[in-house]
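Take a look at the structure set out below.
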Amino acid sequence: MFRVLVVDDEREIRNGLVSQLPWNDLGVGEIYSADDGDTALEIVERHKPDLVVTDIRMPRMSGLELVKRLDQNRFEGKVIVISGHEEFHFARQAMKYGVSDYLLKPLNLDEFMKTISASLAELEERKNLQSDMIELHEHLYMALPKIREELLQNLLERPPEERLLEHWTSKLRKTGLEWMAENQLRLMVIGIDDLKAMIDGKPSNEKELLLFTVGNILEYYLNDHLWTAFVVFRSRHDLWTVVVDCGGPAPRHGVIPDAVAASIPEIVLRDAKLKASVGLAVTSGPVTRIAEMYREASDALMLRRVGKGAPASKESTYYGPLADPQEVVDLLTCGSESDIREAAADFPKLISSWNVKHPKHMQQRTFQWMLSVFRAAKKDGWKDLWWEQDPILFWEDFERFDTLESLQRQVTQHLLEASTSMREQFGSGNQIVLEAERYIKNHYCDNITLQTVADEIHVTPTWLSKLFKQETGVTFLEYLTEVRLREAADLLQNVHLKVYQVCQMIGYQDPAYFSKLFRKQYGCNPQEFRSGRGKIGE
């Protein structure tokens with residue numbers, strides 16, 4: 001609805017115009033009146049009418065002076081002047097101040113209504129045009145980041161050739177990024193760690209929400225800490241990319257201080273409760289090198305995620321507790337939870353020995369390594385084969401994590417869960433030792449070794465030795481010797497058996513060695529033992 005102000009010093013005319021015309025039919029919702037120019041200016045300032053209808057001749061401030069003051073105050077509405085024939089020259093002068101129309105007294109109401117209607121129609125058209133322009137500008141403003149992002153993504157993938165630099169410069173200028181074509185640039189990338197794991201099972205818009213949040217944090221933080229032009233945008237790899245103006249033809253070192261880049265993960269964690277990694281391009285240069293700088297920054301980010309500051313020159317050999325799959329199976333079967341966690345703490349060294357330079361390669365090698373462990377467990381009789389029945393699900397369990405730290409946590413979890421399953425099937429370390437003891441008691445007279453017993457009960461000699469010491473307090477050899485010598489002591493009580501026969505019956509071939517072991521155990525040799533304890537005649 002429109003607002004109209006009627007200004008006339010004659011009360012009858014003023015009241016007649018205000019009260020007797022069908023203003024509502026014209027779309028006028030509020031109508032004001034004033035008897036002179038001073039009052040009219042106050043009403044204009046307070047109520048902002050769309051149309052002012054004013055007489056020319058009035059006391060104190062004339063209509064002509066009012067029109068002049070409205071023009072000086074940049075009044076945006078319409079003004080219609082009413083004048084007599086003898087005052088027409090004043091009306092013509094008023095037209096210089098933007099008066100849209102004038103009417104002569106005495107007023108013809110039909111003509112007056114048509115003039116008012118036409119002025120209001122023009123106002124309506126102007127308002128619609130202004131609304132359309134505002135909406136268009138809003139659309140352009142909203143679309144500009146997307147247009148700019150698309151342009152910059154194309155730059156990363158197809159850097160401008162020298163012969164096309166002017167064309168690209170024009171595009172950059174249209175999006176307010178002309179500085180990118182004029183100065184040296186520096187670039188860094190920021191990525192949310194384990195993004196795939198974070199959005200797993202969440203609504204489809206969760207990823208966009210997380211990326212949007214990090215983008216906003218970067219904009220605010222860099223705006224406070226960088227003292228030169230910069231732009232933040234998303235690459236097509238879900239990485240936030242920051243390009244900074246280094247100024248001049250020669251790069252200004254320190255435009256992205258190490259402290260700013262290094263503090264971004266801390267800021268993202270503080271403000272969004274998200275872990276992020278940052279990669280900074282080693283070099284700076286013109287826009288024609290932007291794709292190369294993006295690769296440098298992305299490589300630095302990936303190396304940081306796999307736990308390296310720089311790639312190793314060649315693959316190193318790893319000899320730790322995770323090196324041999326069978327040793328790992330024994331650990332899972334016989335070791336405690338603390339043993340498993342202690343071994344899993346060595347996972348970064350295992351990764352380092354593979355010399356991986358990208359999270360994808362780290363995930364693949366980890367998956368292959370874990371398969372080798374589980375296959376060794378299957379060979380030993382492990383029956384929990386979910387990983388073999390659904391290998392894609394097993395792979396996705398690693399593929400969701402793109403940092404060394406998170407992948408190590410996932411590996412540790414898999415080892416602990418597998419250990420629980422194996423213990424339920426195979427029994428505890430105590431049961432394994434009991435099986436070994438039973439085998440020794442039944443086969444002590446044979447030429448058995450640590451390896452022999454370990455093979456029989458499906459563990460490695462290393463773990464059998466460790467378990468024996470842990471469960472019995474003695475080594476495997478000490479236990480075997482004790483069993484044999486106890487049996488020898490019983491056999492020596494039968495005087496019909498020669499000492500060398502007893503020696504062979506308990507698994508020794510050298511009587512001298514047997515005598516030495518016996519003396520150490522009982523404080524006398526076998527013959528002396530028999531003389532003091534033997535039962536003659538049996």
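Each chain of the structure tokens is named A, B, ... in the order shown, its residues numbered from 1; ligands are numbered from 1 in display order.
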Quick one: residues within 12 Å of Arg74 of chain A, only C-alpha atoms, excluding same-chain residues fewer than 2 positions away - as a list in words?
Val44, Glu45, Lys48, Val67, Lys68, Arg69, Leu70, Asp71, Gln72, Glu76, Gly77, Lys78, Tyr97 and Gly98 of chain A
Selected residues, C-alpha atoms, written as a JSON list (two decimals), in the first residue's frame, please.
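File produced: result.json:
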[["chain", "number", "residue", "atom", "x", "y", "z"],
["A", 44, "VAL", "CA", 8.20, 13.36, 4.76],
["A", 45, "GLU", "CA", 11.09, 12.75, 7.14],
["A", 48, "LYS", "CA", 8.36, 8.54, 4.06],
["A", 67, "VAL", "CA", 9.91, 20.85, -4.08],
["A", 68, "LYS", "CA", 13.43, 22.26, -4.12],
["A", 69, "ARG", "CA", 14.13, 20.98, -0.60],
["A", 70, "LEU", "CA", 12.73, 17.54, -1.46],
["A", 71, "ASP", "CA", 15.07, 17.39, -4.45],
["A", 72, "GLN", "CA", 18.03, 18.40, -2.28],
["A", 76, "GLU", "CA", 12.63, 9.12, -4.03],
["A", 77, "GLY", "CA", 8.86, 9.43, -4.39],
["A", 78, "LYS", "CA", 6.70, 11.29, -6.90],
["A", 97, "TYR", "CA", 13.38, 19.75, -9.44],
["A", 98, "GLY", "CA", 11.95, 16.47, -10.61]]
Which residues are near Glu296 of chain A? Cut-off 9 Å, only C-alpha atoms, ignore same chain within fewer than 5 positions. Put them as number ranges by chain.
A: 187-188, 279-283, 291, 301
Hey, can you spit out that residue selection with N, CA, C and O atoms as a compact mmCIF listing (two decimals), in the first residue's frame?
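Final file, part32.txt:
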# COMPACT_ATOMS: atom_id res chain seq x y z
N LEU A 187 50.01 -21.45 -1.73
CA LEU A 187 48.82 -22.28 -1.64
C LEU A 187 48.95 -23.32 -0.53
O LEU A 187 50.03 -23.87 -0.31
N MET A 188 47.84 -23.56 0.16
CA MET A 188 47.79 -24.66 1.13
C MET A 188 46.43 -25.34 1.04
O MET A 188 45.45 -24.76 0.56
N GLY A 279 48.31 -29.20 4.44
CA GLY A 279 49.47 -29.36 3.57
C GLY A 279 49.81 -28.04 2.93
O GLY A 279 48.92 -27.34 2.42
N LEU A 280 51.07 -27.64 2.96
CA LEU A 280 51.51 -26.35 2.45
C LEU A 280 52.44 -26.56 1.27
O LEU A 280 53.36 -27.38 1.34
N ALA A 281 52.19 -25.86 0.17
CA ALA A 281 53.06 -25.97 -1.00
C ALA A 281 54.46 -25.48 -0.64
O ALA A 281 54.63 -24.50 0.09
N VAL A 282 55.45 -26.17 -1.15
CA VAL A 282 56.84 -25.83 -0.84
C VAL A 282 57.23 -24.52 -1.49
O VAL A 282 57.93 -23.69 -0.91
N THR A 283 56.74 -24.30 -2.72
CA THR A 283 57.15 -23.12 -3.48
C THR A 283 55.98 -22.18 -3.68
O THR A 283 54.83 -22.52 -3.44
N ALA A 291 48.42 -25.30 -10.47
CA ALA A 291 48.17 -26.75 -10.41
C ALA A 291 49.35 -27.47 -9.78
O ALA A 291 49.18 -28.41 -8.98
N LEU A 301 50.00 -32.88 2.50
CA LEU A 301 48.88 -33.27 3.35
C LEU A 301 48.81 -34.79 3.49
O LEU A 301 48.65 -35.32 4.60
Selection: 7 Å around Glu30 of chain A, only C-alpha atoms, excl. self and same-chain fewer than 2 positions, as a PyMOL selection string
chain A and resi 2-4+28+32
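Neighbouring residues of Lys275 of chain A at 8 Å or closer, counting only C-alpha atoms and skipping chain neighbours under 5 positions away, are Ile192, Asp193, Pro265, Val268 and Leu269 of chain A.
Using only C-alpha atoms, the protein and nucleic acid residues lying no more than 10 Å from segment 365-367 of chain A, apart from those fewer than 6 places from it along its own chain, are Phe347, Leu350, Ile351, Trp354, Val356, Pro359, Pro391, Phe394, Trp395, Glu396, Asp397, Phe398, Glu399, Leu407, Gln408 and Val411 of chain A.
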For the structure I just gave you, how does DSSP split segment 207-411 of chain A - specifically, which residues are strand (DSSP E or B)? Reply as an MDAnalysis selection string.
chainID A and resid 230:234 240:247 276:280 285
Please produce a file of those selected residues containing N, CA, C and O atoms, as a short mmCIF file (atom, residue, chain, number, x, y, z; two decimals), in the first residue's frame.
data_model
loop_
_atom_site.label_atom_id
_atom_site.label_comp_id
_atom_site.auth_asym_id
_atom_site.auth_seq_id
_atom_site.Cartn_x
_atom_site.Cartn_y
_atom_site.Cartn_z
N PHE A 230 43.37 -13.11 -0.08
CA PHE A 230 43.35 -14.57 -0.14
C PHE A 230 41.97 -15.03 -0.57
O PHE A 230 41.00 -14.28 -0.51
N VAL A 231 41.87 -16.27 -1.00
CA VAL A 231 40.60 -16.86 -1.35
C VAL A 231 40.58 -18.29 -0.83
O VAL A 231 41.58 -19.00 -0.88
N VAL A 232 39.42 -18.69 -0.27
CA VAL A 232 39.23 -20.05 0.25
C VAL A 232 38.16 -20.72 -0.60
O VAL A 232 37.08 -20.16 -0.80
N PHE A 233 38.45 -21.89 -1.12
CA PHE A 233 37.46 -22.60 -1.93
C PHE A 233 37.69 -24.10 -1.81
O PHE A 233 38.74 -24.55 -1.36
N ARG A 234 36.69 -24.88 -2.24
CA ARG A 234 36.78 -26.34 -2.18
C ARG A 234 37.28 -26.89 -3.49
O ARG A 234 36.82 -26.49 -4.56
N TRP A 240 39.68 -28.19 1.35
CA TRP A 240 39.62 -26.73 1.29
C TRP A 240 40.99 -26.22 0.83
O TRP A 240 42.02 -26.62 1.36
N THR A 241 40.97 -25.36 -0.17
CA THR A 241 42.20 -24.82 -0.75
C THR A 241 42.27 -23.34 -0.45
O THR A 241 41.28 -22.62 -0.61
N VAL A 242 43.42 -22.88 -0.02
CA VAL A 242 43.64 -21.46 0.28
C VAL A 242 44.74 -20.94 -0.64
O VAL A 242 45.85 -21.49 -0.65
N VAL A 243 44.43 -19.91 -1.43
CA VAL A 243 45.42 -19.26 -2.28
C VAL A 243 45.63 -17.85 -1.72
O VAL A 243 44.67 -17.12 -1.49
N VAL A 244 46.90 -17.51 -1.52
CA VAL A 244 47.23 -16.24 -0.87
C VAL A 244 48.10 -15.39 -1.80
O VAL A 244 48.99 -15.89 -2.49
N ASP A 245 47.81 -14.11 -1.82
CA ASP A 245 48.60 -13.15 -2.60
C ASP A 245 49.92 -12.88 -1.88
O ASP A 245 49.93 -12.38 -0.76
N CYS A 246 51.02 -13.24 -2.53
CA CYS A 246 52.33 -12.97 -1.94
C CYS A 246 52.85 -11.59 -2.32
O CYS A 246 53.91 -11.18 -1.85
N GLY A 247 52.15 -10.89 -3.21
CA GLY A 247 52.56 -9.55 -3.59
C GLY A 247 53.70 -9.52 -4.58
O GLY A 247 54.35 -10.53 -4.85
N ALA A 276 41.68 -32.16 11.61
CA ALA A 276 42.01 -31.77 10.24
C ALA A 276 43.52 -31.80 10.06
O ALA A 276 44.28 -31.69 11.02
N SER A 277 43.93 -31.95 8.80
CA SER A 277 45.35 -31.92 8.45
C SER A 277 45.58 -30.82 7.42
O SER A 277 44.68 -30.47 6.65
N VAL A 278 46.79 -30.27 7.42
CA VAL A 278 47.14 -29.16 6.54
C VAL A 278 48.37 -29.53 5.72
O VAL A 278 49.32 -30.11 6.24
N GLY A 279 48.31 -29.20 4.44
CA GLY A 279 49.47 -29.36 3.57
C GLY A 279 49.81 -28.04 2.93
O GLY A 279 48.92 -27.34 2.42
N LEU A 280 51.07 -27.64 2.96
CA LEU A 280 51.51 -26.35 2.45
C LEU A 280 52.44 -26.56 1.27
O LEU A 280 53.36 -27.38 1.34
N GLY A 285 54.54 -19.05 -6.65
CA GLY A 285 54.72 -18.73 -8.06
C GLY A 285 53.50 -18.06 -8.66
O GLY A 285 52.52 -17.78 -7.96
#
Between A:Val99, A:Leu51, A:Leu66, A:Leu152, which one has atoms that come closest to Thr169 of chain A, using only C-alpha atoms?
A:Leu152
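You can rank A:Asn205, A:Thr403, A:Ser235, A:Thr175 by their closest distance to Met302 of chain A using only C-alpha atoms, and at the top of that list sits A:Thr403.
Nearest-residue note for Tyr522 of chain A: choosing from A:Ser62, A:Val18, A:Glu482, A:Phe401, the minimum distance belongs to A:Glu482, counting only C-alpha atoms.
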